[in-house]
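The data block below is structure_29.txt; it holds compact mmCIF, C-alpha atoms and all ligand atoms.
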```
# COMPACT_ATOMS: atom_id res chain seq x y z
CA MET J 1295 100.80 48.79 26.06
CA SER J 1296 98.88 45.69 24.95
CA ASP J 1297 96.04 45.69 22.42
CA LYS J 1298 92.51 46.40 23.49
CA ILE J 1299 90.29 43.36 24.04
CA TRP J 1300 86.88 44.19 22.60
CA LEU J 1301 83.48 42.97 23.73
CA SER J 1302 82.53 41.81 20.24
CA SER J 1303 84.36 42.86 17.10
CA PRO J 1304 83.88 41.96 13.40
CA HIS J 1305 85.48 38.68 12.31
CA MET J 1306 85.77 38.19 8.55
CA GLY J 1307 85.80 34.71 7.08
CA GLY J 1308 87.97 35.29 4.00
CA ASN J 1309 85.64 35.16 1.00
CA GLU J 1310 83.78 38.43 1.62
CA LEU J 1311 85.98 40.39 -0.82
CA THR J 1312 85.48 37.77 -3.54
CA TYR J 1313 81.73 38.46 -3.51
CA ILE J 1314 82.35 42.21 -3.45
CA HIS J 1315 84.73 41.96 -6.43
CA GLU J 1316 82.06 40.02 -8.31
CA ALA J 1317 79.63 42.86 -7.66
CA PHE J 1318 82.15 45.41 -9.03
CA ASP J 1319 83.08 43.25 -12.04
CA THR J 1320 79.42 42.92 -13.04
CA ASN J 1321 78.54 46.52 -12.04
CA TRP J 1322 75.86 45.39 -9.55
CA VAL J 1323 76.65 48.40 -7.31
CA ALA J 1324 73.04 48.91 -6.31
CA PRO J 1325 70.46 47.99 -3.67
CA LEU J 1326 69.64 44.81 -5.58
CA GLY J 1327 71.59 42.12 -7.38
CA PRO J 1328 72.99 38.58 -7.16
CA ASN J 1329 74.57 39.03 -3.71
CA VAL J 1330 71.27 40.23 -2.22
CA ASN J 1331 69.45 37.20 -3.67
CA GLY J 1332 72.31 34.88 -2.70
CA PHE J 1333 72.45 36.16 0.87
CA GLU J 1334 68.68 35.75 1.24
CA ASN J 1335 68.96 32.17 -0.05
CA ASP J 1336 71.78 31.40 2.38
CA LEU J 1337 69.67 32.69 5.28
CA GLU J 1338 66.60 30.74 4.13
CA ASN J 1339 68.66 27.55 3.92
CA PHE J 1340 70.04 28.19 7.39
CA LEU J 1341 66.63 28.88 8.96
CA GLY J 1342 64.71 26.17 7.10
CA ALA J 1343 63.40 26.63 3.61
CA THR J 1344 59.78 27.38 4.61
CA HIS J 1345 60.82 30.87 5.65
CA HIS J 1346 61.16 33.84 3.33
CA VAL J 1347 63.87 36.38 4.05
CA ALA J 1348 64.00 40.01 2.91
CA ALA J 1349 67.50 41.56 3.23
CA LEU J 1350 67.28 45.14 4.52
CA SER J 1351 69.51 48.05 5.48
CA ALA J 1352 69.27 47.37 9.24
CA GLY J 1353 67.57 45.32 11.93
CA THR J 1354 65.82 48.53 12.97
CA ALA J 1355 64.33 48.83 9.46
CA ALA J 1356 63.18 45.20 9.71
CA LEU J 1357 61.39 45.94 12.98
CA HIS J 1358 59.74 49.00 11.47
CA LEU J 1359 58.43 47.05 8.46
CA ALA J 1360 57.26 44.18 10.70
CA LEU J 1361 55.17 46.64 12.70
CA ILE J 1362 53.66 48.06 9.50
CA GLN J 1363 52.88 44.52 8.31
CA CYS J 1364 51.14 43.86 11.64
CA GLY J 1365 48.93 46.87 10.96
CA VAL J 1366 50.37 49.14 13.65
CA VAL J 1367 49.24 52.74 13.10
CA ALA J 1368 49.19 56.00 15.09
CA GLY J 1369 47.45 55.66 18.43
CA ASP J 1370 47.98 51.89 18.69
CA GLU J 1371 49.79 50.16 21.52
CA VAL J 1372 52.58 47.59 21.11
CA ILE J 1373 54.03 45.43 23.87
CA CYS J 1374 57.82 45.31 24.07
CA GLN J 1375 60.28 43.57 26.37
CA SER J 1376 61.72 46.32 28.58
CA MET J 1377 65.17 44.81 28.96
CA THR J 1378 66.58 45.27 25.46
CA PHE J 1379 68.45 47.60 23.15
CA SER J 1380 66.50 50.76 22.26
CA ALA J 1381 66.23 49.62 18.62
CA SER J 1382 63.58 47.06 19.69
CA ALA J 1383 61.28 49.84 20.88
CA ASN J 1384 62.11 52.91 18.75
CA PRO J 1385 60.24 51.76 15.61
CA ILE J 1386 56.99 51.60 17.62
CA THR J 1387 57.25 55.36 17.99
CA TYR J 1388 58.07 55.79 14.24
CA GLN J 1389 54.50 54.57 13.67
CA GLY J 1390 53.11 57.03 16.23
CA ALA J 1391 52.20 54.09 18.47
CA LEU J 1392 52.82 53.71 22.22
CA PRO J 1393 55.29 51.13 23.59
CA VAL J 1394 53.99 49.21 26.62
CA PHE J 1395 56.97 47.71 28.45
CA VAL J 1396 57.02 44.34 30.21
CA ASP J 1397 59.49 42.91 32.72
CA SER J 1398 61.82 39.92 32.24
CA GLU J 1399 61.84 36.63 34.12
CA PRO J 1400 65.08 35.61 35.84
CA THR J 1401 66.07 32.44 33.95
CA THR J 1402 66.26 33.68 30.33
CA TRP J 1403 66.33 37.43 31.19
CA ASN J 1404 63.59 37.73 28.54
CA LEU J 1405 59.86 38.46 28.45
CA CYS J 1406 58.05 37.19 31.57
CA PRO J 1407 54.95 35.29 30.38
CA LEU J 1408 53.01 36.20 33.57
CA ALA J 1409 53.74 39.93 33.34
CA LEU J 1410 52.96 39.73 29.62
CA GLU J 1411 49.47 38.37 30.28
CA GLU J 1412 48.89 40.88 33.08
CA ALA J 1413 49.81 43.68 30.65
CA ILE J 1414 47.51 42.41 27.89
CA VAL J 1415 44.54 41.96 30.25
CA ASP J 1416 45.00 45.43 31.72
CA ARG J 1417 45.44 47.18 28.35
CA ILE J 1418 42.29 45.47 27.06
CA ALA J 1419 40.43 46.54 30.23
CA LYS J 1420 41.62 50.11 29.63
CA GLY J 1421 40.15 49.97 26.13
CA LYS J 1422 42.97 49.03 23.73
CA LYS J 1423 44.14 45.60 22.73
CA PRO J 1424 47.88 45.64 21.90
CA LYS J 1425 48.52 45.25 18.15
CA ALA J 1426 51.74 43.24 18.46
CA ILE J 1427 54.26 41.81 20.94
CA ILE J 1428 58.01 42.36 20.47
CA ALA J 1429 59.89 39.54 22.19
CA VAL J 1430 63.69 39.54 22.30
CA HIS J 1431 66.28 36.74 22.58
CA LEU J 1432 68.76 38.73 24.67
CA TYR J 1433 72.47 37.98 24.17
CA GLY J 1434 71.40 34.95 22.08
CA MET J 1435 69.32 33.30 24.83
CA PRO J 1436 65.94 32.11 23.52
CA TYR J 1437 62.97 33.45 25.47
CA LYS J 1438 60.46 30.97 26.92
CA VAL J 1439 58.97 30.36 23.50
CA ASP J 1440 56.14 27.95 24.43
CA GLU J 1441 54.89 30.10 27.31
CA VAL J 1442 55.11 33.41 25.42
CA MET J 1443 53.46 31.97 22.29
CA ALA J 1444 50.66 30.44 24.42
CA VAL J 1445 49.80 33.90 25.79
CA ALA J 1446 50.06 35.48 22.32
CA HIS J 1447 47.75 32.83 20.82
CA LYS J 1448 45.24 33.09 23.66
CA TYR J 1449 44.74 36.79 22.90
CA GLU J 1450 45.41 36.45 19.16
CA ILE J 1451 48.22 39.02 19.06
CA PRO J 1452 51.06 38.59 16.52
CA VAL J 1453 54.60 38.19 17.85
CA ILE J 1454 57.51 40.05 16.26
CA GLU J 1455 60.58 38.13 17.26
CA ASP J 1456 63.65 40.31 17.75
CA ALA J 1457 66.35 37.76 16.88
CA ALA J 1458 68.97 40.45 16.18
CA GLU J 1459 71.31 38.88 18.74
CA SER J 1460 70.38 35.22 18.34
CA LEU J 1461 71.13 34.00 14.80
CA GLY J 1462 72.01 30.32 15.29
CA SER J 1463 70.23 29.88 18.64
CA THR J 1464 67.47 27.28 18.89
CA TYR J 1465 64.56 26.38 21.17
CA LYS J 1466 63.57 22.70 21.15
CA GLY J 1467 65.68 22.39 18.01
CA GLN J 1468 63.89 25.14 16.06
CA PRO J 1469 65.97 28.13 14.88
CA SER J 1470 65.35 31.49 16.50
CA GLY J 1471 63.80 33.97 14.09
CA THR J 1472 61.13 31.44 13.04
CA TYR J 1473 58.64 31.26 15.95
CA GLY J 1474 56.93 34.61 15.58
CA THR J 1475 54.81 35.96 12.75
CA TYR J 1476 57.91 37.95 11.76
CA GLY J 1477 61.56 37.52 12.78
CA VAL J 1478 64.11 40.31 12.84
CA LEU J 1479 67.83 39.73 12.15
CA SER J 1480 70.71 42.21 12.41
CA PHE J 1481 74.15 42.20 10.81
CA ASN J 1482 75.50 45.28 12.55
CA GLY J 1483 79.24 45.41 13.21
CA ASN J 1484 79.04 43.89 16.67
CA LYS J 1485 76.68 40.98 15.92
CA ILE J 1486 77.67 37.30 15.56
CA ILE J 1487 78.09 37.82 11.81
CA THR J 1488 78.17 41.25 10.22
CA THR J 1489 77.73 43.00 6.88
CA SER J 1490 79.12 46.23 8.47
CA GLY J 1491 75.50 47.35 8.78
CA GLY J 1492 72.41 45.47 7.69
CA GLY J 1493 69.41 43.45 8.71
CA ALA J 1494 66.72 41.13 7.46
CA LEU J 1495 63.08 40.32 8.04
CA VAL J 1496 62.01 36.68 8.19
CA CYS J 1497 58.51 36.59 6.64
CA PRO J 1498 55.80 33.90 6.82
CA SER J 1499 55.07 33.61 3.06
CA PRO J 1500 56.36 34.62 -0.40
CA GLU J 1501 53.55 37.22 -0.58
CA THR J 1502 54.49 38.89 2.70
CA LYS J 1503 58.15 38.95 1.64
CA ASP J 1504 57.19 40.59 -1.68
CA LYS J 1505 55.19 43.19 0.22
CA VAL J 1506 58.10 43.91 2.57
CA VAL J 1507 60.51 44.33 -0.39
CA PHE J 1508 57.94 46.60 -2.09
CA LEU J 1509 57.74 48.82 1.01
CA ALA J 1510 61.55 48.76 1.37
CA THR J 1511 62.04 50.05 -2.20
CA GLN J 1512 59.81 53.16 -2.10
CA ALA J 1513 56.50 51.36 -2.74
CA ARG J 1514 56.57 51.71 -6.51
CA ASP J 1515 53.40 50.50 -8.18
CA ASN J 1516 53.62 48.48 -11.37
CA ALA J 1517 53.67 51.25 -14.03
CA PRO J 1518 56.15 52.64 -16.61
CA HIS J 1519 56.35 55.94 -14.69
CA TYR J 1520 56.77 56.33 -10.93
CA GLN J 1521 53.34 55.62 -9.49
CA HIS J 1522 52.64 55.36 -5.74
CA SER J 1523 49.56 54.42 -3.77
CA GLU J 1524 51.37 53.78 -0.48
CA ILE J 1525 54.17 55.43 1.52
CA GLY J 1526 57.45 53.60 0.96
CA PHE J 1527 60.90 53.47 2.52
CA ASN J 1528 64.49 53.20 1.32
CA TYR J 1529 65.31 50.13 3.45
CA ARG J 1530 66.70 47.57 0.98
CA MET J 1531 70.17 46.06 1.49
CA SER J 1532 72.96 47.06 -0.90
CA ASN J 1533 74.46 44.40 -3.17
CA ILE J 1534 77.96 45.33 -1.89
CA VAL J 1535 76.99 44.82 1.74
CA ALA J 1536 75.20 41.56 0.87
CA GLY J 1537 78.53 40.28 -0.54
CA ILE J 1538 80.00 40.57 2.95
CA GLY J 1539 76.97 38.65 4.21
CA ARG J 1540 77.54 35.78 1.77
CA GLY J 1541 81.14 35.44 2.93
CA GLN J 1542 80.02 35.54 6.56
CA MET J 1543 77.37 32.83 6.06
CA GLU J 1544 80.18 30.44 5.06
CA VAL J 1545 81.62 30.72 8.58
CA LEU J 1546 78.48 31.21 10.68
CA ASN J 1547 78.65 27.74 12.24
CA ASP J 1548 82.31 28.31 13.21
CA ARG J 1549 81.37 31.64 14.78
CA ILE J 1550 78.62 30.03 16.85
CA ALA J 1551 81.03 27.33 18.05
CA ALA J 1552 83.64 29.95 18.99
CA ARG J 1553 81.14 32.13 20.93
CA ARG J 1554 79.87 29.07 22.76
CA SER J 1555 83.40 28.09 23.70
CA MET J 1556 83.94 31.61 25.14
CA HIS J 1557 80.90 30.93 27.33
CA ASP J 1558 82.48 27.61 28.46
CA PHE J 1559 85.69 29.48 29.21
CA TYR J 1560 83.79 31.84 31.56
CA LEU J 1561 81.89 28.96 33.21
CA ASP J 1562 85.25 27.43 34.08
CA LEU J 1563 86.86 30.73 35.09
CA PHE J 1564 84.10 31.65 37.56
CA LYS J 1565 83.23 28.20 38.87
CA ASP J 1566 84.90 28.71 42.28
CA ILE J 1567 84.18 32.42 42.67
CA ASP J 1568 81.38 33.17 45.15
CA GLY J 1569 78.72 35.64 44.12
CA VAL J 1570 79.38 35.49 40.36
CA THR J 1571 77.03 33.52 38.11
CA VAL J 1572 77.49 33.03 34.38
CA PHE J 1573 74.33 33.46 32.27
CA THR J 1574 73.52 29.93 31.04
CA GLU J 1575 70.69 28.03 29.36
CA PRO J 1576 68.03 27.01 31.93
CA SER J 1577 67.45 23.58 30.33
CA ALA J 1578 68.34 21.44 27.32
CA ASP J 1579 65.37 22.98 25.41
CA PHE J 1580 67.43 26.17 25.10
CA TYR J 1581 70.50 26.47 22.88
CA SER J 1582 72.09 29.93 22.86
CA ASN J 1583 74.63 31.18 20.32
CA HIS J 1584 76.08 33.04 23.36
CA TRP J 1585 76.52 36.14 21.26
CA LEU J 1586 77.65 37.88 24.44
CA SER J 1587 78.76 36.08 27.58
CA ALA J 1588 77.39 37.82 30.64
CA ILE J 1589 77.69 37.47 34.41
CA LEU J 1590 75.75 38.62 37.46
CA ILE J 1591 77.83 39.94 40.34
CA ASP J 1592 76.21 39.90 43.77
CA PRO J 1593 78.30 42.48 45.68
CA ALA J 1594 77.33 41.03 49.09
CA LEU J 1595 78.94 37.69 48.20
CA ALA J 1596 81.54 38.71 45.63
CA GLY J 1597 82.88 41.71 47.57
CA LYS J 1598 82.81 43.76 44.35
CA THR J 1599 80.17 45.61 42.39
CA ARG J 1600 79.79 45.14 38.66
CA GLU J 1601 81.01 48.72 38.20
CA GLU J 1602 84.21 48.00 40.15
CA VAL J 1603 84.82 44.96 37.96
CA ARG J 1604 84.14 46.97 34.79
CA LEU J 1605 86.60 49.72 35.79
CA ALA J 1606 89.27 47.18 36.78
CA PHE J 1607 88.97 45.55 33.35
CA LEU J 1608 89.20 48.96 31.71
CA GLU J 1609 92.55 49.64 33.42
CA ASP J 1610 93.96 46.70 31.48
CA ASP J 1611 92.29 47.74 28.23
CA ILE J 1612 89.64 45.01 28.46
CA GLU J 1613 86.19 46.13 27.37
CA SER J 1614 83.11 45.05 29.33
CA ARG J 1615 79.66 46.64 29.54
CA PRO J 1616 76.63 46.72 31.84
CA LEU J 1617 73.56 44.88 30.54
CA TRP J 1618 70.99 46.83 28.51
CA LYS J 1619 69.38 49.44 30.73
CA PRO J 1620 65.65 48.62 30.73
CA MET J 1621 63.52 50.83 28.49
CA HIS J 1622 61.03 51.69 31.26
CA LEU J 1623 63.92 53.38 33.10
CA GLN J 1624 65.00 55.44 30.06
CA PRO J 1625 64.10 59.16 30.12
CA VAL J 1626 62.82 59.02 26.53
CA PHE J 1627 60.17 56.43 27.48
CA GLU J 1628 59.08 57.89 30.82
CA ASN J 1629 55.49 58.22 29.60
CA SER J 1630 55.15 54.57 28.61
CA PRO J 1631 53.24 52.11 30.80
CA TYR J 1632 55.21 49.30 32.47
CA TYR J 1633 54.10 45.92 33.79
CA GLY J 1634 56.00 43.59 36.09
CA GLY J 1635 58.35 43.88 39.05
CA ASN J 1636 62.03 44.68 39.39
CA ILE J 1637 63.67 41.68 37.68
CA ALA J 1638 65.04 43.66 34.72
CA GLU J 1639 66.19 46.44 37.04
CA GLY J 1640 68.01 43.95 39.29
CA LEU J 1641 69.70 42.34 36.29
CA PHE J 1642 70.83 45.78 35.12
CA ASP J 1643 72.29 46.55 38.58
CA GLN J 1644 74.33 43.35 38.77
CA GLY J 1645 74.96 42.30 35.17
CA LEU J 1646 78.08 42.69 33.07
CA CYS J 1647 78.80 41.58 29.49
CA LEU J 1648 82.33 40.27 28.96
CA PRO J 1649 84.59 40.01 25.91
CA SER J 1650 82.86 37.39 23.75
CA GLY J 1651 84.24 37.69 20.22
CA SER J 1652 84.90 34.66 18.05
CA ASN J 1653 88.33 36.17 17.28
CA LEU J 1654 89.77 36.30 20.82
CA SER J 1655 93.19 34.68 21.18
CA ASP J 1656 94.63 32.41 23.86
CA ASN J 1657 96.65 35.40 25.00
CA ASP J 1658 93.44 37.47 25.34
CA ARG J 1659 91.93 34.71 27.49
CA LEU J 1660 95.09 34.62 29.60
CA ARG J 1661 94.86 38.38 30.22
CA ILE J 1662 91.21 38.01 31.25
CA THR J 1663 92.03 35.06 33.54
CA THR J 1664 94.89 36.94 35.18
CA LYS J 1665 92.67 39.95 35.82
CA ILE J 1666 89.84 37.91 37.29
CA ASN J 1667 92.17 35.98 39.60
CA GLU J 1668 93.75 39.25 40.74
CA LEU J 1669 90.33 40.83 41.35
CA PHE J 1670 88.84 37.94 43.25
CA GLY J 1671 92.03 37.07 45.14
CA LYS J 1672 92.67 33.62 43.75
C1 LIG D 1701 71.33 45.23 17.19
C2 LIG D 1701 69.95 45.11 17.67
C3 LIG D 1701 68.87 45.66 16.95
C4 LIG D 1701 69.03 46.59 15.78
O1 LIG D 1701 69.70 46.13 14.72
P1 LIG D 1701 70.44 47.20 13.73
O2 LIG D 1701 70.84 46.32 12.60
O3 LIG D 1701 71.61 47.74 14.50
O4 LIG D 1701 69.47 48.23 13.35
C5 LIG D 1701 67.59 45.43 17.41
N1 LIG D 1701 67.37 44.72 18.52
C6 LIG D 1701 68.37 44.20 19.26
C7 LIG D 1701 68.05 43.42 20.49
C8 LIG D 1701 69.69 44.40 18.88
O5 LIG D 1701 70.68 43.92 19.63
```

Can you turn what I pasted into structure tokens?
Amino acid sequence: MSDKIWLSSPHMGGNELTYIHEAFDTNWVAPLGPNVNGFENDLENFLGATHHVAALSAGTAALHLALIQCGVVAGDEVICQSMTFSASANPITYQGALPVFVDSEPTTWNLCPLALEEAIVDRIAKGKKPKAIIAVHLYGMPYKVDEVMAVAHKYEIPVIEDAAESLGSTYKGQPSGTYGTYGVLSFNGNKIITTSGGGALVCPSPETKDKVVFLATQARDNAPHYQHSEIGFNYRMSNIVAGIGRGQMEVLNDRIAARRSMHDFYLDLFKDIDGVTVFTEPSADFYSNHWLSAILIDPALAGKTREEVRLAFLEDDIESRPLWKPMHLQPVFENSPYYGGNIAEGLFDQGLCLPSGSNLSDNDRLRITTKINELFGK
């Protein structure tokens, strides 16, 4: 029996344990310390020094604090891309607000600017202007930044950029995580770099970062005793976990290159197979980290459904997964409004994510190639 080929597994760089040992040697075993500050600096240098990064316990925590910073309170409405992981939408409900879901457009699989404007106009007509827009760079692919930002500016609604999957992607040369009012990063185990679990919020100013750190550390007022005038959270990143992050930042550029070369591998593998298209940047403005490589399988042309392909892979211990099931189709969000057509639904029906890790071997690629050629009769 051969080893399992995973969709996306952790890939250590080598120096992570050095930073963790430093934390033990100096007894910084706490949710603050030199690794937390160092990791934040590394991220700020990577994104461009005008951004201010708060390291947090998870991307989900970063989304929650971004919503609070945008003033979202009970009874508000927040627009969210429907085609995404549930963590993009869940924090809206933590605030007692209502998610309003919007369809994707077919080239980036992300927020459709036309459906977005339709949603805003209709919510305003119904009496409530949305408090924020959560836009996602799915699988590393930047959304149509200029078009989405134009709509957001027109109606003066802040954008929370969910860049959990897109660290290292750019649009017109600008790093993802830096176009919105706030940018959300994740370092969960399956992301392009990982701290085992963790996240960060990219903030627009030193003051907003300070406020986010204040909220993430139980909102303690400046007093000798514990004094509180706001509700706080325990959302700060641990200094141990941040040590993993510092080691991972040393290899981030290598990880991006390796994920992108997996995408090139699939472009080549599927180039002569009818009915299968590899998810690719629509123009040179878009540069994806290709966190996950994904394909669309048109059963009428390919002679196979995406589910048949997934099960065939599974027989050979190769992991693959359907795209995110859109939030407006999830039972838990059945009472949320939805705007748009059936683009996201169609992508879900035909889309499959393929093994994409930066640590896949030539032998892994050979097993994938053999399986694909067998399946599509080459
Ligand atoms: C992973 C992910 C998150 C959540 O990040 P965590 O660190 O796991 O909380 C949010 N949004 C998207 C699109 C993600 O893929």

Given 7 Å and only C-alpha atoms and all ligand atoms, residues near ligand LIG 1701 (chain D) as an MDAnalysis selection string: chainID J and resid 1352:1355 1378:1379 1381:1382 1430 1432 1456:1459 1480:1482 1485 1491:1493

CA of Ile1487 (chain J) and CA of Ser1652 (chain J), how far apart in Å? 9.8 Å

Excluding Ala1391 (chain J) and any residue of its chain fewer than 2 positions from it, enumerate the residues within 12 Å of it, using only C-alpha atoms, and give them as a short mmCIF file (atom, residue, chain, number, x, y, z; two decimals) with C-alpha atoms, keeping the file's coordinate frame.
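Ended up saving to part-v2.cif:
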```
data_model
loop_
_atom_site.label_atom_id
_atom_site.label_comp_id
_atom_site.auth_asym_id
_atom_site.auth_seq_id
_atom_site.Cartn_x
_atom_site.Cartn_y
_atom_site.Cartn_z
CA HIS J 1358 59.74 49.00 11.47
CA LEU J 1361 55.17 46.64 12.70
CA ILE J 1362 53.66 48.06 9.50
CA GLY J 1365 48.93 46.87 10.96
CA VAL J 1366 50.37 49.14 13.65
CA VAL J 1367 49.24 52.74 13.10
CA ALA J 1368 49.19 56.00 15.09
CA GLY J 1369 47.45 55.66 18.43
CA ASP J 1370 47.98 51.89 18.69
CA GLU J 1371 49.79 50.16 21.52
CA VAL J 1372 52.58 47.59 21.11
CA ILE J 1373 54.03 45.43 23.87
CA CYS J 1374 57.82 45.31 24.07
CA ALA J 1383 61.28 49.84 20.88
CA ASN J 1384 62.11 52.91 18.75
CA PRO J 1385 60.24 51.76 15.61
CA ILE J 1386 56.99 51.60 17.62
CA THR J 1387 57.25 55.36 17.99
CA TYR J 1388 58.07 55.79 14.24
CA GLN J 1389 54.50 54.57 13.67
CA PRO J 1393 55.29 51.13 23.59
CA VAL J 1394 53.99 49.21 26.62
CA LYS J 1422 42.97 49.03 23.73
CA PRO J 1424 47.88 45.64 21.90
CA LYS J 1425 48.52 45.25 18.15
CA ALA J 1426 51.74 43.24 18.46
CA SER J 1630 55.15 54.57 28.61
#
```

Within-12 Å shell of (76.5, 44.0, 0.8) in input frame, all atoms listed in the file, as number ranges by chain: J: 1310-1318, 1322-1334, 1349-1352, 1481-1482, 1488-1493, 1530-1542

Would you mind exporting the chosen residues as a compact mmCIF listing (two decimals), in the coordinates of the input, restricted to C-alpha atoms?
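Printed below is out_12.txt as written:
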```txt
# COMPACT_ATOMS: atom_id res chain seq x y z
CA GLU J 1310 83.78 38.43 1.62
CA LEU J 1311 85.98 40.39 -0.82
CA THR J 1312 85.48 37.77 -3.54
CA TYR J 1313 81.73 38.46 -3.51
CA ILE J 1314 82.35 42.21 -3.45
CA HIS J 1315 84.73 41.96 -6.43
CA GLU J 1316 82.06 40.02 -8.31
CA ALA J 1317 79.63 42.86 -7.66
CA PHE J 1318 82.15 45.41 -9.03
CA TRP J 1322 75.86 45.39 -9.55
CA VAL J 1323 76.65 48.40 -7.31
CA ALA J 1324 73.04 48.91 -6.31
CA PRO J 1325 70.46 47.99 -3.67
CA LEU J 1326 69.64 44.81 -5.58
CA GLY J 1327 71.59 42.12 -7.38
CA PRO J 1328 72.99 38.58 -7.16
CA ASN J 1329 74.57 39.03 -3.71
CA VAL J 1330 71.27 40.23 -2.22
CA ASN J 1331 69.45 37.20 -3.67
CA GLY J 1332 72.31 34.88 -2.70
CA PHE J 1333 72.45 36.16 0.87
CA GLU J 1334 68.68 35.75 1.24
CA ALA J 1349 67.50 41.56 3.23
CA LEU J 1350 67.28 45.14 4.52
CA SER J 1351 69.51 48.05 5.48
CA ALA J 1352 69.27 47.37 9.24
CA PHE J 1481 74.15 42.20 10.81
CA ASN J 1482 75.50 45.28 12.55
CA THR J 1488 78.17 41.25 10.22
CA THR J 1489 77.73 43.00 6.88
CA SER J 1490 79.12 46.23 8.47
CA GLY J 1491 75.50 47.35 8.78
CA GLY J 1492 72.41 45.47 7.69
CA GLY J 1493 69.41 43.45 8.71
CA ARG J 1530 66.70 47.57 0.98
CA MET J 1531 70.17 46.06 1.49
CA SER J 1532 72.96 47.06 -0.90
CA ASN J 1533 74.46 44.40 -3.17
CA ILE J 1534 77.96 45.33 -1.89
CA VAL J 1535 76.99 44.82 1.74
CA ALA J 1536 75.20 41.56 0.87
CA GLY J 1537 78.53 40.28 -0.54
CA ILE J 1538 80.00 40.57 2.95
CA GLY J 1539 76.97 38.65 4.21
CA ARG J 1540 77.54 35.78 1.77
CA GLY J 1541 81.14 35.44 2.93
CA GLN J 1542 80.02 35.54 6.56
```

Distance query Val1453 (chain J) at most 7 Å, all atoms listed in the file, self and fewer than 6 positions along chain excluded, as a ChimeraX atom specification: /J:1426-1429,1446,1474-1476

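Among the candidates J:Met1377, J:Leu1660, J:Ile1414, J:Ile1666, the one nearest to His1447 (chain J) when counting only C-alpha atoms is J:Ile1414.
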
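Of the residues under consideration (J:Gly1342, J:Pro1400, J:Gly1651, J:Gly1634), J:Gly1651 shows the shortest atom-to-atom contact distance to Leu1586 (chain J) when counting all atoms listed in the file.
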
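Across the structure, CA of Glu1575 (chain J) and CA of Gly1477 (chain J) are spaced 21.2 Å apart.
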
Work out how far CA of Phe1395 (chain J) is from CA of Met1621 (chain J), in Å to one decimal. 7.3 Å

I'd like the box whose edges run along x, y and z of the file and which contains every listed atom of region 1534-1541 of chain J, padded by 6 Å per side; could you state its centre and edge lengths in Å, one decimal, as lines of an AutoDock Vina configuration file?
```
center_x = 78.2
center_y = 40.4
center_z = 1.2
size_x = 17.9
size_y = 21.9
size_z = 18.1
```

Save region 1377-1388 of chain J to disk from that block, N, CA and C atoms included, as a tab-separated table (two decimals), in the first residue's frame.
```tsv
chain	number	residue	atom	x	y	z
J	1377	MET	N	-19.78	31.65	-2.14
J	1377	MET	CA	-18.88	30.53	-2.39
J	1377	MET	C	-17.61	30.72	-1.57
J	1378	THR	N	-17.57	30.10	-0.41
J	1378	THR	CA	-16.43	30.23	0.49
J	1378	THR	C	-16.52	29.19	1.59
J	1379	PHE	N	-15.53	29.16	2.43
J	1379	PHE	CA	-15.53	28.32	3.63
J	1379	PHE	C	-16.43	29.00	4.66
J	1380	SER	N	-17.10	28.21	5.49
J	1380	SER	CA	-18.06	28.76	6.45
J	1380	SER	C	-17.45	29.79	7.39
J	1381	ALA	N	-16.13	29.70	7.61
J	1381	ALA	CA	-15.48	30.64	8.54
J	1381	ALA	C	-15.56	32.09	8.06
J	1382	SER	N	-15.78	32.31	6.75
J	1382	SER	CA	-15.96	33.69	6.26
J	1382	SER	C	-17.25	34.28	6.81
J	1383	ALA	N	-18.28	33.45	6.94
J	1383	ALA	CA	-19.62	33.94	7.27
J	1383	ALA	C	-19.96	33.80	8.76
J	1384	ASN	N	-19.45	32.77	9.42
J	1384	ASN	CA	-19.86	32.51	10.81
J	1384	ASN	C	-19.71	33.71	11.73
J	1385	PRO	N	-18.58	34.46	11.67
J	1385	PRO	CA	-18.43	35.57	12.62
J	1385	PRO	C	-19.50	36.67	12.48
J	1386	ILE	N	-20.15	36.74	11.33
J	1386	ILE	CA	-21.25	37.71	11.18
J	1386	ILE	C	-22.33	37.37	12.21
J	1387	THR	N	-22.58	36.06	12.34
J	1387	THR	CA	-23.63	35.64	13.28
J	1387	THR	C	-23.17	35.79	14.73
J	1388	TYR	N	-21.83	35.72	14.99
J	1388	TYR	CA	-21.35	35.93	16.37
J	1388	TYR	C	-21.77	37.32	16.86
```
